[in-house]
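S.K.: I'd like to ask you about the structure that follows.
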Amino acid sequence: MALGLSSAKPSRGPSPLRPGASFARENPVTPMDDEVHPVIHSGRVAVITGAASGIGRAAALELAKIGLKIAIADVNEQGLGETAAEVAKIVGESNVLSVPTDVSKLDQVERLRDKVYEAWGEVGVLMNNAAIAPKGTSWEGLDNWRKVFDVNLFGVLNVQQTFVPLMLHQENPSIIINTGSKQGITNPPGNPAYNATKAAVKSLTESLAHELRETPAVNLTAHLLIPGWTYTGMTGAAEGKEKPAGAWTAQETVLYMLDKVRQGKFYILCPDNETRREVDQLRIMWSAGDIAEGRPALSRWHKDYKAIFEEYLRDGLAQLD
Ligand SMILES: NC(=O)c1ccc[n+]([C@@H]2O[C@H](COP(=O)([O-])OP(=O)(O)OC[C@H]3O[C@@H](n4cnc5c(N)ncnc54)[C@H](O)[C@@H]3O)[C@@H](O)[C@H]2O)c1
């Protein structure tokens with residue numbers, strides 16, 4: 001492969017998605033069998049942060065439909081109450097625990113854990129999902145950077161470090177799903193603080209998965225949810241506004257996630273109506289190629305490389321179609 005390290009002219013390596021390559025195509029979503037999965041199963045317990053809206057709320061509803069007991073946490077108390085009411089209609093009030101929680105505050109996360117274990121004595125599914133995404137730049141708004149890190153990184157860590165030690169010793173298998181983002185992998189311009197937190201969540205979840213795998217007699221696995229474009233409050237959803245055609249609903253993202261968890265996948269890379277899986281794969285390979293092939297940072301958006309990237313994408317997709 002031409003690495004283009006010393007070339008003055010922008011260049012690129014080959015588009016890597018060959019037909020038949022093991023990563024080129026993934027199984028489409030398969031119908032869910034509610035009876036067989038030991039964790040996504042009636043009677044188990046799910047804890048979901050950021051459940052007042054969007055993906056967290058949809059997860060609460062979908063897991064309730066399967067018959068799990070649902071503990072929900074969020075800073076938005078009104079939204080949390082609405083989710084609790086909807087979930088209660090499905091599983092009954094005694095199977096819903098609604099705990100106003102700021103995940104960036106360790107004592108509040110510990111209170112959440114205590115309430116869940118007092119009520120139900122176990123956790124099957126832990127969805128570490130709360131996040132914020134205020135815009136900013138790399139050289140301004142230090143307070144904003146701290147806030148995003150407090151919620152998106154330390155919030156995830158607070159939950160992970162509070163719950164995992166107890167989940168490790170449960171007899172029944174259980175899972176933790178941390179929510180990352182494609183922005184934490186391909187790092188698009190526009191929201192550097194958010195991207196940096198999501199890159200950190202990818203890294204810490206990979207480490208967690210490895211550590212759990214290497215620890216004897218542990219029945220807990222970690223998964224990284226990487227949503228596609230999902231129509232939620234974070235992406236501009238509002239009462240009376242129509243979902244853009246390119247976005248998935250939060251329910252679609254959650255159903256895809258549950259299907260991949262059932263298949264035992266670590267990386268749950270969700271498509272949407274605008275970006276097919278192969279496009280994501282090529283974008284991710286291109287991003288890694290910035291380092292491996294010595295291109296400038298974020299070359300996908302660099303004026304000298306934009307056209308080359310588009311050509312790489314066209315070539316890669318043409319090999320598949
Ligand atoms: N919507 C997308 O297209 C998209 C894409 C990639 C990743 N994600 C990720 O998916 C997850 C869910 O986001 P969403 O799209 O449903 O957005 P959302 O805004 O609807 O949901 C996020 C929830 O987190 C809650 N929250 C914020 N700060 C909190 C705190 N300190 N403690 C507790 N709860 C807090 C919010 O109140 C909100 O209910 C996030 O981690 C987000 O980064 C979303």
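Labeling convention for the structure tokens: chains A, B, ... as they appear, residues from 1 per chain, ligands from 1 in order of appearance.
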What do you get as an NGL selection string if you pick all residues at most 6 Å from ligand 1, counting only C-alpha atoms and all ligand atoms?
M.R.: :A and (49-56 or 74-76 or 101-104 or 129-132 or 151 or 179-181 or 227-235)
S.K.: Could you pull out the helix (DSSP H, G or I) residues of region 71-127 of chain A from DSSP and send them as a tab-separated table (two decimals) with N, CA and C atoms, in the first residue's frame?
M.R.:
chain	number	residue	atom	x	y	z
A	77	GLU	N	-36.52	16.13	35.93
A	77	GLU	CA	-37.51	15.41	36.75
A	77	GLU	C	-38.86	15.30	36.05
A	78	GLN	N	-39.21	16.35	35.29
A	78	GLN	CA	-40.51	16.30	34.61
A	78	GLN	C	-40.51	15.18	33.55
A	79	GLY	N	-39.45	15.17	32.74
A	79	GLY	CA	-39.35	14.13	31.71
A	79	GLY	C	-39.28	12.75	32.33
A	80	LEU	N	-38.60	12.66	33.46
A	80	LEU	CA	-38.46	11.37	34.15
A	80	LEU	C	-39.84	10.86	34.60
A	81	GLY	N	-40.64	11.80	35.11
A	81	GLY	CA	-42.00	11.45	35.55
A	81	GLY	C	-42.84	10.95	34.38
A	82	GLU	N	-42.66	11.58	33.22
A	82	GLU	CA	-43.42	11.14	32.04
A	82	GLU	C	-43.00	9.74	31.61
A	83	THR	N	-41.68	9.51	31.61
A	83	THR	CA	-41.20	8.16	31.25
A	83	THR	C	-41.74	7.14	32.25
A	84	ALA	N	-41.67	7.49	33.54
A	84	ALA	CA	-42.14	6.55	34.57
A	84	ALA	C	-43.61	6.19	34.35
A	85	ALA	N	-44.42	7.20	34.01
A	85	ALA	CA	-45.85	6.94	33.81
A	85	ALA	C	-46.06	6.01	32.61
A	86	GLU	N	-45.29	6.24	31.53
A	86	GLU	CA	-45.44	5.38	30.34
A	86	GLU	C	-44.99	3.95	30.63
A	87	VAL	N	-43.88	3.84	31.36
A	87	VAL	CA	-43.35	2.50	31.68
A	87	VAL	C	-44.34	1.76	32.60
A	88	ALA	N	-44.90	2.51	33.56
A	88	ALA	CA	-45.83	1.88	34.51
A	88	ALA	C	-47.05	1.29	33.80
A	89	LYS	N	-47.47	1.95	32.71
A	89	LYS	CA	-48.61	1.42	31.95
A	89	LYS	C	-48.28	0.03	31.39
A	90	ILE	N	-47.00	-0.22	31.17
A	90	ILE	CA	-46.60	-1.51	30.56
A	90	ILE	C	-46.32	-2.57	31.63
A	91	VAL	N	-45.54	-2.19	32.66
A	91	VAL	CA	-45.13	-3.22	33.64
A	91	VAL	C	-45.78	-3.08	35.02
A	93	GLU	N	-46.91	-0.14	38.27
A	93	GLU	CA	-46.13	0.83	39.06
A	93	GLU	C	-45.08	0.19	39.96
A	94	SER	N	-45.36	-1.01	40.46
A	94	SER	CA	-44.41	-1.63	41.40
A	94	SER	C	-43.12	-2.07	40.71
A	95	ASN	N	-43.13	-2.08	39.38
A	95	ASN	CA	-41.94	-2.49	38.64
A	95	ASN	C	-41.20	-1.31	38.01
A	106	LEU	N	-21.33	11.88	42.37
A	106	LEU	CA	-21.13	10.49	42.83
A	106	LEU	C	-22.14	10.09	43.91
A	107	ASP	N	-22.41	11.01	44.86
A	107	ASP	CA	-23.33	10.62	45.95
A	107	ASP	C	-24.73	10.32	45.42
A	108	GLN	N	-25.13	11.03	44.36
A	108	GLN	CA	-26.46	10.78	43.79
A	108	GLN	C	-26.50	9.43	43.06
A	109	VAL	N	-25.38	9.09	42.42
A	109	VAL	CA	-25.31	7.79	41.71
A	109	VAL	C	-25.30	6.66	42.75
A	110	GLU	N	-24.61	6.87	43.87
A	110	GLU	CA	-24.61	5.85	44.93
A	110	GLU	C	-26.01	5.65	45.51
A	111	ARG	N	-26.74	6.75	45.62
A	111	ARG	CA	-28.13	6.68	46.12
A	111	ARG	C	-28.98	5.86	45.14
A	112	LEU	N	-28.76	6.11	43.84
A	112	LEU	CA	-29.49	5.34	42.81
A	112	LEU	C	-29.21	3.85	42.98
A	113	ARG	N	-27.92	3.50	43.09
A	113	ARG	CA	-27.53	2.09	43.26
A	113	ARG	C	-28.21	1.49	44.50
A	114	ASP	N	-28.16	2.21	45.62
A	114	ASP	CA	-28.73	1.68	46.86
A	114	ASP	C	-30.23	1.42	46.71
A	115	LYS	N	-30.91	2.36	46.04
A	115	LYS	CA	-32.36	2.20	45.88
A	115	LYS	C	-32.68	0.98	45.02
A	116	VAL	N	-31.89	0.80	43.95
A	116	VAL	CA	-32.15	-0.32	43.04
A	116	VAL	C	-31.89	-1.65	43.76
A	117	TYR	N	-30.75	-1.74	44.46
A	117	TYR	CA	-30.42	-3.02	45.12
A	117	TYR	C	-31.36	-3.29	46.30
A	118	GLU	N	-31.78	-2.21	47.00
A	118	GLU	CA	-32.76	-2.42	48.09
A	118	GLU	C	-34.07	-2.95	47.53
A	119	ALA	N	-34.49	-2.41	46.38
A	119	ALA	CA	-35.78	-2.80	45.82
A	119	ALA	C	-35.72	-4.19	45.19
A	120	TRP	N	-34.67	-4.46	44.41
A	120	TRP	CA	-34.71	-5.67	43.56
A	120	TRP	C	-33.48	-6.57	43.69
S.K.: One decimal, in Å: what's the spacing between CA of Pro244 (chain A) and CA of Leu282 (chain A)?
M.R.: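 CA of Leu282 (chain A) lies at a distance of 23.9 Å from CA of Pro244 (chain A).
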S.K.: Based on DSSP run over this structure's backbone, return all residues of region 14-144 of chain A in strand (DSSP E), as a count of residues only.
M.R.: 20
S.K.: List the spatial neighbours of region 143-145 of chain A as a PyMOL selection string - criterion: any atom at most 10 Å away, only C-alpha atoms, same-chain residues fewer than 2 positions off excluded.
M.R.: chain A and resi 133-138+140-141+147-150+192-194+196-197
S.K.: To one decimal in Å, tell me the separation between CA of Met257 (chain A) and CA of Leu269 (chain A).
M.R.: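 Between CA of Met257 (chain A) and CA of Leu269 (chain A) the gap is 8.5 Å.
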S.K.: Using only C-alpha atoms, pick whichever of A:Ile177, A:Leu153, A:His302, A:His41 has the shortest atom-to-atom distance to Asp290 (chain A).
M.R.: A:His302
S.K.: Within 12 Å of region 295-297 of chain A, counting only C-alpha atoms, which residues show up once you throw out same-chain ones fewer than 3 positions away? Write them as a ChimeraX atom specification, please.
M.R.: /A:3-13,186-189,286-292,300-306,308-309
S.K.: May I have the residues within 6 Å of Leu68 (chain A) as a PyMOL selection string, using only C-alpha atoms and disregarding those fewer than 4 positions away in the same chain?
M.R.: chain A and resi 42-45+63-64
S.K.: Selection from above, C-alpha atoms, as a PDB file, in the first residue's frame, can you write it?
M.R.:
ATOM      1  CA  SER A  42     -38.660 -10.894  31.731  1.00  0.00           C
ATOM      2  CA  GLY A  43     -38.114 -10.448  35.475  1.00  0.00           C
ATOM      3  CA  ARG A  44     -34.569  -9.067  35.200  1.00  0.00           C
ATOM      4  CA  VAL A  45     -33.733  -5.487  36.208  1.00  0.00           C
ATOM      5  CA  LEU A  63     -37.213  -3.279  27.955  1.00  0.00           C
ATOM      6  CA  ALA A  64     -40.487  -2.857  29.853  1.00  0.00           C
TER       7      ALA A  64
END
S.K.: List the neighbours of Leu224 (chain A) out to 12 Å using only C-alpha atoms; skip same-chain residues closer than 2 positions along the sequence, and give me the result as a ChimeraX atom specification.
M.R.: /A:126-129,156,175-182,184-185,198-209,221-222,226-227,257-258,260-261,264-270
